[in-house]
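Here's the structure we're looking at; comments come further down.
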Amino acid sequence: LIDVLLILPPLRDMERSQVPPLGLGYIASVLKNEFTVKIIDMGAEKIGKSELINILKEECPKVIGISSIVTGHNSGLKIAKIAKEVLGQDVMIIMGGPQVTFLSEETLINNLSIDVVALGEGEYTVKELVSHKINGIPKCIDDIKGIVFLRDNQVIYTDKRGMIEDLDSVPFPSRELFRLELYQDKGTIITGRGCPFSCKFCASSSLCGRRYRARSSANVLKEIEEMYYKFNITKFYIADDTFTFNKKRVREICEGIIDRELNITWGCGTRVDCIDEESLDIMYKAGCRGILVGIESGSDEILTDIGKGINTNQIYDACRKVIKCGMSLGCSFIIGLPEDNWDTVLKSLELARRIQDIRQDINAPAVSLYYSIFTPLPGSYYYENKEKLGVELLNTDWDKFNFLEPVINTKNLTSSQLRELYFMVNAPRKKSE
Ligand code: B12
Ligand code: SF4
């Protein structure tokens with residue numbers, strides 16, 4: 001028997017997640033000193049309905065926390081329903097995570113199995129909810145900030161909860177509760193939250209704030225050491241939105257890795273305007289072998305329109321620097337943005353090829369290209385303003401919001417043209433080209 005069961009529902013169209021659910025790991029960490037907690041990742045652990053029912057019967061959790069990401073939202077709702085059927089009405093079901101944070105009212109109204117939605121960062125909200133349920137403290141649920149629930153068919157919002165200011169004060173995610181061997185990228189770590197930029201297609205800043213709340217380098221190094229020594233992890237991926245935003249901190253972290261003689265390799269994601277040769281140099285020395293950048297478009301007009309704040313010259317230069325310093329480079333593009341047309345998408349293809357050609361000159365590691373189809377995500381500017389921008393949503397089945405198939409017509413491109421363009425940009429490049 002356990003107090004709390006935290007569940008990552010299976011994500012549609014992904015065979016399994018390659019990354020442990022760190023958000024749930026963080027929540028477990030603040031709970032585990034006081035309560036018994038278990039985490040299941042249904043996709044990675046291949047847990048189907050009947051196994052879920054067995055787990056529920058065996059563990060009889062008093063509280064269930066379900067994580068909601070866009071393509072896992074529907075399955076999360078089904079799980080909540082099953083849990084109430086198996087355990088009865090008394091079990092408290094909390095849903096939290098990026099998707100439900102922006103869809104709290106409709107989720108509660110249409111799914112009576114969900115008792116509470118916790119908005120934004122969940123660590124301390126969940127802790128208070130569990131304490132309310134199990135210890136009766138606080139006595140009244142209305143005193144818990146950052147939640148939404150139904151009472152007599154009325155939607156009740158409690159006071160807002162601020163973002164966690166000092167992320168160093170949050171314990172590291174409970175990796176011992178994950179089945180780490182199941183994940184390709186088990187070395188994923190988050191060294192800060194939030195993003196100071198506000199690209200119109202992205203929900204990041206409305207979710208985690210328009211400020212990068214960086215953890216101190218000492219705190220990050222401590223977690224890297226824990227992962228290295230306790231969990232034998234030697235391949236890391238730093239999954240922050242913009243890891244290299246603060247140069248000084250990057251330097252401190254890299255010097256820390258070098259000083260500790262940790263035999264690791266790692267990769268990170270960042271923006272092209274946060275890349276410079278000096279940082280790349282020390283990053284390489286500290287084991288960084290790959291960088292993923294969000295390029296989004298090869299058209300300067302589109303880049304301006306989406307609010308990315310970068311241009312194609314900056315992109316080319318930054319990519320050249322990464323390739324030159326011997327790291328592999330990942331470039332992600334979005335096709336079918338609200339102002340995109342056939343020509344602007346071709347410009348992306350052209351830029352991608354120019355970037356790949358840099359590598360031929362230098363004989364460097366791989367350049368990988370990732371194209372996704374523009375998919376308006378709740379919480380993003382484009383989702384909120386879709387009608388105004390001529391974006392017609394063809395499908396409201398969240399399972400289809402997988403970035404691989406179009407769920408929209410834009411004013412310049414139909415969904416079938418988008419499909420065609422997607423096929424074209426992903427076609428292998430012919431030798432003569
Ligand atoms: C790092 C990251 C990833 C990493 C790692 C994710 C992971 N498993 O931890 C990778 C690269 C794998 C990834 C993949 C995807 N991601 Co992502 N990712 C992010 C990013 C940049 C940071 C997330 C993060 O780690 N934050 C810090 C941790 C601690 O937060 P968290 O995991 O969200 O959990 C907190 C809260 O959400 C909440 N919470 C979460 N679950 C629960 C459950 C309960 C019960 C409660 C109460 C609270 C709660 O509390 C947690 C602790 O504070 C965000 C952008 C952002 N700034 O949020 C996008 C973001 C979350 N990702 C997004 C998407 C769409 C995806 C993909 C579906 C994209 C794709 N097609 O591949 C996949 C999903 C696969 C997966 N397994 O997660 C969207 C989500 C939009 C939405 N409406 O759902 C975001 C917001 C970015 C965007 N494009 O706008 N992602
Ligand atoms: S796309 Fe990247 S830089 Fe832009 S708002 Fe999202 S996380 Fe920030």
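Each chain in the structure tokens gets a letter, A, B, ..., in the order shown, and its residues are numbered from 1; ligands are numbered from 1 in order too.
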
Between chain A and ligand 2, at 12 Å or less, what are the per-residue closest atom pairs and their distances in Å? Count only C-alpha atoms and all ligand atoms, order by chain and rising residue number, and return it as CSV.
```
residue,atom,partner,partner_atom_place_in_ligand_line,distance
A:Gly192,CA,ligand 2,7 (S),11.7
A:Arg193,CA,ligand 2,7 (S),9.6
A:Gly194,CA,ligand 2,7 (S),7.6
A:Cys195,CA,ligand 2,8 (Fe),4.7
A:Pro196,CA,ligand 2,8 (Fe),6.4
A:Phe197,CA,ligand 2,5 (S),4.6
A:Ser198,CA,ligand 2,5 (S),4.1
A:Cys199,CA,ligand 2,4 (Fe),4.2
A:Lys200,CA,ligand 2,5 (S),7.2
A:Phe201,CA,ligand 2,1 (S),7.2
A:Cys202,CA,ligand 2,6 (Fe),4.6
A:Ala203,CA,ligand 2,6 (Fe),6.6
A:Ser204,CA,ligand 2,6 (Fe),5.1
A:Ser205,CA,ligand 2,5 (S),5.9
A:Ser206,CA,ligand 2,5 (S),8.9
A:Leu207,CA,ligand 2,6 (Fe),10.2
A:Cys208,CA,ligand 2,7 (S),9.7
A:Gly209,CA,ligand 2,5 (S),9.9
A:Arg210,CA,ligand 2,5 (S),8.4
A:Arg211,CA,ligand 2,8 (Fe),9.7
A:Tyr212,CA,ligand 2,8 (Fe),9.3
A:Ala239,CA,ligand 2,7 (S),10.5
A:Asp240,CA,ligand 2,7 (S),8.1
A:Asp241,CA,ligand 2,7 (S),4.5
A:Thr242,CA,ligand 2,3 (S),6.6
A:Phe243,CA,ligand 2,7 (S),10.2
A:Thr244,CA,ligand 2,3 (S),11.4
A:Phe245,CA,ligand 2,3 (S),10.0
A:Gly269,CA,ligand 2,2 (Fe),9.0
A:Thr270,CA,ligand 2,2 (Fe),7.4
A:Arg271,CA,ligand 2,3 (S),6.3
A:Val272,CA,ligand 2,3 (S),9.5
A:Asp273,CA,ligand 2,3 (S),9.8
A:Cys274,CA,ligand 2,3 (S),10.0
A:Leu292,CA,ligand 2,2 (Fe),11.0
A:Val293,CA,ligand 2,2 (Fe),8.8
A:Gly294,CA,ligand 2,1 (S),6.7
A:Ile295,CA,ligand 2,1 (S),9.1
A:Glu296,CA,ligand 2,1 (S),8.6
A:Ser297,CA,ligand 2,1 (S),12.0
A:Leu303,CA,ligand 2,4 (Fe),11.0
A:Ile306,CA,ligand 2,4 (Fe),9.1
A:Gly307,CA,ligand 2,4 (Fe),8.0
A:Lys308,CA,ligand 2,4 (Fe),6.0
A:Gly309,CA,ligand 2,4 (Fe),8.7
A:Ile310,CA,ligand 2,3 (S),9.9
A:Ser332,CA,ligand 2,1 (S),10.3
A:Phe333,CA,ligand 2,1 (S),10.8
A:Ile334,CA,ligand 2,1 (S),10.6
A:Leu377,CA,ligand 2,6 (Fe),11.5
A:Gly379,CA,ligand 2,6 (Fe),11.2
A:Ser380,CA,ligand 2,5 (S),9.1
A:Tyr381,CA,ligand 2,5 (S),10.3
```

field: Picked from stretch 154-333 of chain A by DSSP as strand (DSSP E), as a VMD selection string
entry: chain A and resid 154 to 157 188 to 189 192 to 193 213 to 214 235 to 238 265 to 270 288 to 296 328 to 333

Please identify every polymer residue within 6 Å of ligand 1, using only C-alpha atoms and all ligand atoms, and present the set as an mmCIF file with all heavy atoms, in the first residue's frame.
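pocket.cif, written as the output of this step:
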```cif
data_model
loop_
_atom_site.group_PDB
_atom_site.id
_atom_site.type_symbol
_atom_site.label_atom_id
_atom_site.label_comp_id
_atom_site.auth_asym_id
_atom_site.auth_seq_id
_atom_site.Cartn_x
_atom_site.Cartn_y
_atom_site.Cartn_z
ATOM 1 N N SER A 17 8.739 6.790 -24.352
ATOM 2 C CA SER A 17 9.522 7.973 -24.095
ATOM 3 C C SER A 17 10.978 7.565 -23.924
ATOM 4 O O SER A 17 11.293 6.537 -23.337
ATOM 5 C CB SER A 17 9.003 8.634 -22.826
ATOM 6 O OG SER A 17 9.834 9.698 -22.504
ATOM 7 N N VAL A 19 13.043 9.516 -22.414
ATOM 8 C CA VAL A 19 13.517 10.341 -21.302
ATOM 9 C C VAL A 19 12.671 10.055 -20.066
ATOM 10 O O VAL A 19 11.447 9.999 -20.158
ATOM 11 C CB VAL A 19 13.343 11.833 -21.679
ATOM 12 C CG1 VAL A 19 13.821 12.731 -20.571
ATOM 13 C CG2 VAL A 19 14.046 12.151 -22.970
ATOM 14 N N PRO A 20 13.293 9.874 -18.898
ATOM 15 C CA PRO A 20 12.467 9.658 -17.705
ATOM 16 C C PRO A 20 11.632 10.903 -17.384
ATOM 17 O O PRO A 20 12.059 12.016 -17.679
ATOM 18 C CB PRO A 20 13.491 9.385 -16.604
ATOM 19 C CG PRO A 20 14.806 9.832 -17.124
ATOM 20 C CD PRO A 20 14.724 9.844 -18.619
ATOM 21 N N PRO A 21 10.463 10.724 -16.808
ATOM 22 C CA PRO A 21 9.594 11.874 -16.522
ATOM 23 C C PRO A 21 10.116 12.678 -15.334
ATOM 24 O O PRO A 21 9.738 12.456 -14.183
ATOM 25 C CB PRO A 21 8.238 11.225 -16.212
ATOM 26 C CG PRO A 21 8.545 9.827 -15.795
ATOM 27 C CD PRO A 21 9.843 9.428 -16.432
ATOM 28 N N LEU A 22 10.998 13.624 -15.645
ATOM 29 C CA LEU A 22 11.690 14.356 -14.577
ATOM 30 C C LEU A 22 10.731 15.176 -13.718
ATOM 31 O O LEU A 22 10.933 15.318 -12.509
ATOM 32 C CB LEU A 22 12.769 15.261 -15.169
ATOM 33 C CG LEU A 22 13.940 14.507 -15.802
ATOM 34 C CD1 LEU A 22 14.881 15.469 -16.508
ATOM 35 C CD2 LEU A 22 14.702 13.713 -14.747
ATOM 36 N N GLY A 23 9.675 15.722 -14.341
ATOM 37 C CA GLY A 23 8.702 16.505 -13.576
ATOM 38 C C GLY A 23 8.132 15.669 -12.434
ATOM 39 O O GLY A 23 8.035 16.119 -11.285
ATOM 40 N N LEU A 24 7.768 14.409 -12.746
ATOM 41 C CA LEU A 24 7.223 13.527 -11.700
ATOM 42 C C LEU A 24 8.311 13.170 -10.684
ATOM 43 O O LEU A 24 8.050 13.030 -9.487
ATOM 44 C CB LEU A 24 6.629 12.263 -12.320
ATOM 45 C CG LEU A 24 5.364 12.477 -13.171
ATOM 46 C CD1 LEU A 24 4.857 11.140 -13.723
ATOM 47 C CD2 LEU A 24 4.270 13.161 -12.358
ATOM 48 N N TYR A 26 10.689 15.124 -9.727
ATOM 49 C CA TYR A 26 10.794 16.270 -8.815
ATOM 50 C C TYR A 26 9.679 16.244 -7.770
ATOM 51 O O TYR A 26 9.902 16.492 -6.587
ATOM 52 C CB TYR A 26 10.714 17.583 -9.605
ATOM 53 C CG TYR A 26 12.046 18.059 -10.137
ATOM 54 C CD1 TYR A 26 12.320 18.081 -11.494
ATOM 55 C CD2 TYR A 26 13.031 18.521 -9.260
ATOM 56 C CE1 TYR A 26 13.542 18.538 -11.977
ATOM 57 C CE2 TYR A 26 14.256 18.971 -9.740
ATOM 58 C CZ TYR A 26 14.509 18.978 -11.099
ATOM 59 O OH TYR A 26 15.718 19.423 -11.547
ATOM 60 N N ILE A 27 8.470 15.942 -8.239
ATOM 61 C CA ILE A 27 7.336 15.922 -7.304
ATOM 62 C C ILE A 27 7.562 14.833 -6.237
ATOM 63 O O ILE A 27 7.381 15.058 -5.040
ATOM 64 C CB ILE A 27 6.011 15.706 -8.073
ATOM 65 C CG1 ILE A 27 5.720 16.947 -8.933
ATOM 66 C CG2 ILE A 27 4.856 15.417 -7.123
ATOM 67 C CD1 ILE A 27 4.541 16.822 -9.866
ATOM 68 N N GLY A 65 -1.436 11.149 -8.990
ATOM 69 C CA GLY A 65 -1.069 12.343 -9.755
ATOM 70 C C GLY A 65 -0.799 11.946 -11.193
ATOM 71 O O GLY A 65 0.009 11.058 -11.453
ATOM 72 N N ILE A 66 -1.507 12.558 -12.106
ATOM 73 C CA ILE A 66 -1.342 12.207 -13.523
ATOM 74 C C ILE A 66 -0.737 13.394 -14.265
ATOM 75 O O ILE A 66 -1.200 14.527 -14.135
ATOM 76 C CB ILE A 66 -2.702 11.828 -14.154
ATOM 77 C CG1 ILE A 66 -3.308 10.642 -13.404
ATOM 78 C CG2 ILE A 66 -2.543 11.511 -15.643
ATOM 79 C CD1 ILE A 66 -4.722 10.295 -13.838
ATOM 80 N N SER A 67 0.304 13.110 -15.055
ATOM 81 C CA SER A 67 0.991 14.169 -15.791
ATOM 82 C C SER A 67 0.344 14.333 -17.159
ATOM 83 O O SER A 67 0.039 13.348 -17.826
ATOM 84 C CB SER A 67 2.450 13.739 -15.953
ATOM 85 O OG SER A 67 3.214 14.837 -16.312
ATOM 86 N N ILE A 69 0.798 15.886 -20.845
ATOM 87 C CA ILE A 69 1.501 16.519 -21.974
ATOM 88 C C ILE A 69 0.547 16.355 -23.143
ATOM 89 O O ILE A 69 -0.232 15.397 -23.168
ATOM 90 C CB ILE A 69 2.820 15.792 -22.288
ATOM 91 C CG1 ILE A 69 3.753 15.870 -21.083
ATOM 92 C CG2 ILE A 69 3.524 16.402 -23.503
ATOM 93 C CD1 ILE A 69 5.070 15.163 -21.279
ATOM 94 N N VAL A 70 0.634 17.207 -24.124
ATOM 95 C CA VAL A 70 -0.383 17.239 -25.169
ATOM 96 C C VAL A 70 -0.788 15.846 -25.690
ATOM 97 O O VAL A 70 -1.965 15.488 -25.658
ATOM 98 C CB VAL A 70 0.014 18.230 -26.300
ATOM 99 C CG1 VAL A 70 1.328 17.922 -26.926
ATOM 100 C CG2 VAL A 70 -1.040 18.317 -27.367
ATOM 101 N N ILE A 94 -5.311 14.001 -8.990
ATOM 102 C CA ILE A 94 -4.798 15.330 -9.357
ATOM 103 C C ILE A 94 -4.206 15.229 -10.756
ATOM 104 O O ILE A 94 -3.489 14.274 -11.057
ATOM 105 C CB ILE A 94 -3.645 15.763 -8.418
ATOM 106 C CG1 ILE A 94 -3.997 15.533 -6.949
ATOM 107 C CG2 ILE A 94 -3.245 17.206 -8.674
ATOM 108 C CD1 ILE A 94 -2.779 15.647 -6.024
ATOM 109 N N MET A 95 -4.502 16.188 -11.595
ATOM 110 C CA MET A 95 -3.827 16.234 -12.885
ATOM 111 C C MET A 95 -3.012 17.520 -12.946
ATOM 112 O O MET A 95 -3.456 18.573 -12.479
ATOM 113 C CB MET A 95 -4.842 16.190 -14.021
ATOM 114 C CG MET A 95 -4.239 15.767 -15.338
ATOM 115 S SD MET A 95 -5.499 15.638 -16.611
ATOM 116 C CE MET A 95 -5.013 14.156 -17.455
ATOM 117 N N GLY A 96 -1.809 17.421 -13.495
ATOM 118 C CA GLY A 96 -0.958 18.606 -13.635
ATOM 119 C C GLY A 96 -0.073 18.442 -14.849
ATOM 120 O O GLY A 96 -0.092 17.393 -15.502
ATOM 121 N N GLY A 97 0.705 19.470 -15.170
ATOM 122 C CA GLY A 97 1.578 19.393 -16.343
ATOM 123 C C GLY A 97 1.176 20.431 -17.381
ATOM 124 O O GLY A 97 0.174 21.123 -17.231
ATOM 125 N N PRO A 98 1.970 20.534 -18.470
ATOM 126 C CA PRO A 98 1.782 21.636 -19.408
ATOM 127 C C PRO A 98 0.402 21.698 -20.072
ATOM 128 O O PRO A 98 -0.184 22.766 -20.174
ATOM 129 C CB PRO A 98 2.870 21.411 -20.455
ATOM 130 C CG PRO A 98 3.517 20.133 -20.158
ATOM 131 C CD PRO A 98 3.153 19.726 -18.785
ATOM 132 N N GLN A 99 -0.115 20.561 -20.508
ATOM 133 C CA GLN A 99 -1.361 20.624 -21.281
ATOM 134 C C GLN A 99 -2.546 21.044 -20.413
ATOM 135 O O GLN A 99 -3.283 21.963 -20.737
ATOM 136 C CB GLN A 99 -1.609 19.250 -21.939
ATOM 137 C CG GLN A 99 -2.855 19.169 -22.780
ATOM 138 C CD GLN A 99 -2.709 19.865 -24.133
ATOM 139 O OE1 GLN A 99 -1.704 20.514 -24.407
ATOM 140 N NE2 GLN A 99 -3.724 19.763 -24.960
ATOM 141 N N ALA A 118 -3.702 20.950 -10.853
ATOM 142 C CA ALA A 118 -2.656 21.786 -10.243
ATOM 143 C C ALA A 118 -1.973 22.541 -11.380
ATOM 144 O O ALA A 118 -1.520 21.935 -12.342
ATOM 145 C CB ALA A 118 -1.649 20.910 -9.508
ATOM 146 N N GLY A 120 0.809 24.802 -13.365
ATOM 147 C CA GLY A 120 2.237 25.134 -13.383
ATOM 148 C C GLY A 120 3.103 24.150 -12.610
ATOM 149 O O GLY A 120 2.842 22.937 -12.616
ATOM 150 N N GLU A 121 4.110 24.688 -11.950
ATOM 151 C CA GLU A 121 5.047 23.819 -11.225
ATOM 152 C C GLU A 121 4.321 23.106 -10.080
ATOM 153 O O GLU A 121 3.666 23.752 -9.264
ATOM 154 C CB GLU A 121 6.202 24.655 -10.669
ATOM 155 C CG GLU A 121 7.154 25.083 -11.758
ATOM 156 C CD GLU A 121 8.213 26.056 -11.269
ATOM 157 O OE1 GLU A 121 7.885 26.967 -10.496
ATOM 158 O OE2 GLU A 121 9.366 25.915 -11.683
ATOM 159 N N GLY A 122 4.511 21.787 -10.028
ATOM 160 C CA GLY A 122 3.657 20.998 -9.154
ATOM 161 C C GLY A 122 4.211 20.613 -7.799
ATOM 162 O O GLY A 122 3.465 20.128 -6.936
ATOM 163 N N GLU A 123 5.514 20.791 -7.581
ATOM 164 C CA GLU A 123 6.130 20.199 -6.381
ATOM 165 C C GLU A 123 5.361 20.502 -5.094
ATOM 166 O O GLU A 123 4.910 19.592 -4.396
ATOM 167 C CB GLU A 123 7.576 20.693 -6.204
ATOM 168 C CG GLU A 123 8.596 20.074 -7.137
ATOM 169 C CD GLU A 123 8.775 20.850 -8.435
ATOM 170 O OE1 GLU A 123 7.877 21.655 -8.769
ATOM 171 O OE2 GLU A 123 9.781 20.638 -9.127
ATOM 172 N N VAL A 126 1.393 19.751 -4.953
ATOM 173 C CA VAL A 126 1.052 18.347 -4.717
ATOM 174 C C VAL A 126 1.324 17.981 -3.258
ATOM 175 O O VAL A 126 0.519 17.302 -2.611
ATOM 176 C CB VAL A 126 1.833 17.407 -5.671
ATOM 177 C CG1 VAL A 126 1.571 15.953 -5.328
ATOM 178 C CG2 VAL A 126 1.456 17.673 -7.115
ATOM 179 N N ILE A 190 17.806 18.861 -16.000
ATOM 180 C CA ILE A 190 17.304 20.216 -16.263
ATOM 181 C C ILE A 190 18.005 21.165 -15.295
ATOM 182 O O ILE A 190 17.886 21.021 -14.083
ATOM 183 C CB ILE A 190 15.779 20.267 -16.048
ATOM 184 C CG1 ILE A 190 15.096 19.313 -17.031
ATOM 185 C CG2 ILE A 190 15.251 21.678 -16.256
ATOM 186 C CD1 ILE A 190 13.707 18.945 -16.639
ATOM 187 N N ARG A 193 14.806 26.637 -15.293
ATOM 188 C CA ARG A 193 13.456 26.622 -15.873
ATOM 189 C C ARG A 193 13.095 28.008 -16.380
ATOM 190 O O ARG A 193 13.536 29.013 -15.842
ATOM 191 C CB ARG A 193 12.424 26.192 -14.817
ATOM 192 C CG ARG A 193 12.652 24.792 -14.291
ATOM 193 C CD ARG A 193 11.566 24.413 -13.271
ATOM 194 N NE ARG A 193 11.950 23.212 -12.554
ATOM 195 C CZ ARG A 193 11.296 22.725 -11.520
ATOM 196 N NH1 ARG A 193 10.211 23.332 -11.059
ATOM 197 N NH2 ARG A 193 11.719 21.614 -10.929
ATOM 198 N N GLY A 194 12.238 28.030 -17.367
ATOM 199 C CA GLY A 194 11.763 29.308 -17.882
ATOM 200 C C GLY A 194 12.594 29.770 -19.056
ATOM 201 O O GLY A 194 13.707 29.277 -19.283
ATOM 202 N N CYS A 202 5.468 28.753 -29.053
ATOM 203 C CA CYS A 202 5.978 27.980 -27.915
ATOM 204 C C CYS A 202 5.218 28.315 -26.635
ATOM 205 O O CYS A 202 4.894 29.478 -26.394
ATOM 206 C CB CYS A 202 7.459 28.284 -27.753
ATOM 207 S SG CYS A 202 8.229 27.419 -26.396
ATOM 208 N N ALA A 203 4.969 27.305 -25.831
ATOM 209 C CA ALA A 203 4.220 27.520 -24.590
ATOM 210 C C ALA A 203 5.155 27.689 -23.398
ATOM 211 O O ALA A 203 4.703 27.855 -22.268
ATOM 212 C CB ALA A 203 3.296 26.330 -24.359
ATOM 213 N N SER A 204 6.444 27.646 -23.682
ATOM 214 C CA SER A 204 7.399 27.570 -22.582
ATOM 215 C C SER A 204 7.305 28.739 -21.608
ATOM 216 O O SER A 204 7.204 28.545 -20.398
ATOM 217 C CB SER A 204 8.805 27.491 -23.154
ATOM 218 O OG SER A 204 9.701 27.344 -22.126
ATOM 219 N N LEU A 207 4.350 28.886 -19.447
ATOM 220 C CA LEU A 207 4.327 27.795 -18.471
ATOM 221 C C LEU A 207 5.329 28.026 -17.337
ATOM 222 O O LEU A 207 4.993 27.886 -16.163
ATOM 223 C CB LEU A 207 4.670 26.498 -19.202
ATOM 224 C CG LEU A 207 4.440 25.220 -18.472
ATOM 225 C CD1 LEU A 207 2.950 24.987 -18.291
ATOM 226 C CD2 LEU A 207 5.042 24.056 -19.240
ATOM 227 N N CYS A 208 6.531 28.358 -17.693
ATOM 228 C CA CYS A 208 7.606 28.427 -16.695
ATOM 229 C C CYS A 208 8.104 29.836 -16.454
ATOM 230 O O CYS A 208 9.109 30.035 -15.777
ATOM 231 C CB CYS A 208 8.784 27.552 -17.119
ATOM 232 S SG CYS A 208 8.427 25.818 -17.029
ATOM 233 N N ALA A 239 18.489 19.449 -20.852
ATOM 234 C CA ALA A 239 17.260 19.677 -21.616
ATOM 235 C C ALA A 239 16.646 21.058 -21.420
ATOM 236 O O ALA A 239 15.526 21.284 -21.850
ATOM 237 C CB ALA A 239 16.233 18.594 -21.263
ATOM 238 N N ASP A 240 17.383 21.986 -20.824
ATOM 239 C CA ASP A 240 16.831 23.341 -20.652
ATOM 240 C C ASP A 240 16.481 23.944 -22.011
ATOM 241 O O ASP A 240 17.055 23.591 -23.029
ATOM 242 C CB ASP A 240 17.873 24.294 -20.053
ATOM 243 C CG ASP A 240 18.475 23.789 -18.778
ATOM 244 O OD1 ASP A 240 18.504 22.574 -18.583
ATOM 245 O OD2 ASP A 240 18.934 24.618 -17.986
ATOM 246 N N ASP A 241 15.598 24.924 -21.975
ATOM 247 C CA ASP A 241 15.262 25.624 -23.208
ATOM 248 C C ASP A 241 16.506 26.283 -23.803
ATOM 249 O O ASP A 241 16.761 26.230 -24.988
ATOM 250 C CB ASP A 241 14.231 26.727 -22.928
ATOM 251 C CG ASP A 241 12.893 26.154 -22.517
ATOM 252 O OD1 ASP A 241 12.482 25.150 -23.113
ATOM 253 O OD2 ASP A 241 12.265 26.709 -21.609
ATOM 254 N N LEU A 377 0.006 24.861 -29.935
ATOM 255 C CA LEU A 377 -0.066 24.242 -28.613
ATOM 256 C C LEU A 377 -0.761 25.168 -27.623
ATOM 257 O O LEU A 377 -0.434 26.353 -27.551
ATOM 258 C CB LEU A 377 1.338 23.971 -28.083
ATOM 259 C CG LEU A 377 2.113 22.861 -28.748
ATOM 260 C CD1 LEU A 377 3.547 22.842 -28.248
ATOM 261 C CD2 LEU A 377 1.448 21.514 -28.450
ATOM 262 N N PRO A 378 -1.709 24.639 -26.854
ATOM 263 C CA PRO A 378 -2.323 25.465 -25.821
ATOM 264 C C PRO A 378 -1.245 26.133 -24.974
ATOM 265 O O PRO A 378 -0.236 25.512 -24.645
ATOM 266 C CB PRO A 378 -3.115 24.444 -24.986
ATOM 267 C CG PRO A 378 -3.425 23.345 -25.942
ATOM 268 C CD PRO A 378 -2.249 23.262 -26.862
ATOM 269 N N ASN A 402 0.868 15.585 -32.835
ATOM 270 C CA ASN A 402 2.156 14.912 -32.668
ATOM 271 C C ASN A 402 3.263 15.534 -33.511
ATOM 272 O O ASN A 402 4.355 15.002 -33.588
ATOM 273 C CB ASN A 402 1.995 13.426 -33.012
ATOM 274 C CG ASN A 402 1.433 13.249 -34.401
ATOM 275 O OD1 ASN A 402 1.461 14.176 -35.207
ATOM 276 N ND2 ASN A 402 0.926 12.071 -34.697
ATOM 277 N N PHE A 403 2.967 16.644 -34.186
ATOM 278 C CA PHE A 403 3.955 17.386 -34.987
ATOM 279 C C PHE A 403 4.386 16.647 -36.252
ATOM 280 O O PHE A 403 5.267 17.090 -36.971
ATOM 281 C CB PHE A 403 5.205 17.754 -34.169
ATOM 282 C CG PHE A 403 4.877 18.413 -32.869
ATOM 283 C CD1 PHE A 403 4.657 17.672 -31.711
ATOM 284 C CD2 PHE A 403 4.740 19.791 -32.804
ATOM 285 C CE1 PHE A 403 4.316 18.287 -30.525
ATOM 286 C CE2 PHE A 403 4.411 20.412 -31.621
ATOM 287 C CZ PHE A 403 4.196 19.660 -30.476
#
```

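When only C-alpha atoms are used to compute distances to A:Val345, the closest of the residues A:Glu420, A:Glu255, A:Glu58, A:Asp41 turns out to be A:Glu420.
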
- prompt: Mind checking DSSP for stretch 161-263 of chain A and telling me the alpha helix (DSSP H) residues as a VMD selection string?
  reply: chain A and resid 204 to 208 217 to 231 247 to 259

- request: Write out as a PyMOL selection string which residues come within 12 Å of A:Ser299 when counting only C-alpha atoms, dropping same-chain ones fewer than 6 positions away.
  value: chain A and resi 305-306+308+310-313+315+333-335+337+339-352

C-alpha atoms of the current selection, written as a PDB file, in the first residue's frame:
```pdb
ATOM      1  CA  ASP A 305       6.992  37.089 -37.674  1.00  0.00           C
ATOM      2  CA  ILE A 306       7.282  34.226 -35.180  1.00  0.00           C
ATOM      3  CA  LYS A 308      12.193  34.256 -32.645  1.00  0.00           C
ATOM      4  CA  ILE A 310      17.202  35.723 -34.768  1.00  0.00           C
ATOM      5  CA  ASN A 311      18.049  35.950 -38.475  1.00  0.00           C
ATOM      6  CA  THR A 312      19.446  33.549 -41.063  1.00  0.00           C
ATOM      7  CA  ASN A 313      22.948  35.068 -40.960  1.00  0.00           C
ATOM      8  CA  ILE A 315      21.886  30.945 -37.746  1.00  0.00           C
ATOM      9  CA  PHE A 333      12.691  23.464 -38.252  1.00  0.00           C
ATOM     10  CA  ILE A 334       8.962  24.067 -38.197  1.00  0.00           C
ATOM     11  CA  ILE A 335       7.005  24.031 -41.412  1.00  0.00           C
ATOM     12  CA  LEU A 337       3.883  28.449 -39.509  1.00  0.00           C
ATOM     13  CA  GLU A 339       2.697  33.110 -42.459  1.00  0.00           C
ATOM     14  CA  ASP A 340       4.568  30.275 -44.226  1.00  0.00           C
ATOM     15  CA  ASN A 341       3.964  29.617 -47.900  1.00  0.00           C
ATOM     16  CA  TRP A 342       5.512  27.215 -50.374  1.00  0.00           C
ATOM     17  CA  ASP A 343       8.488  29.542 -51.006  1.00  0.00           C
ATOM     18  CA  THR A 344       9.332  30.187 -47.378  1.00  0.00           C
ATOM     19  CA  VAL A 345       9.373  26.451 -46.670  1.00  0.00           C
ATOM     20  CA  LEU A 346      11.720  25.987 -49.616  1.00  0.00           C
ATOM     21  CA  LYS A 347      13.958  28.596 -48.016  1.00  0.00           C
ATOM     22  CA  SER A 348      14.164  26.412 -44.919  1.00  0.00           C
ATOM     23  CA  LEU A 349      15.194  23.487 -47.052  1.00  0.00           C
ATOM     24  CA  GLU A 350      17.807  25.644 -48.741  1.00  0.00           C
ATOM     25  CA  LEU A 351      19.228  26.903 -45.449  1.00  0.00           C
ATOM     26  CA  ALA A 352      19.330  23.351 -44.100  1.00  0.00           C
TER      27      ALA A 352
END
```
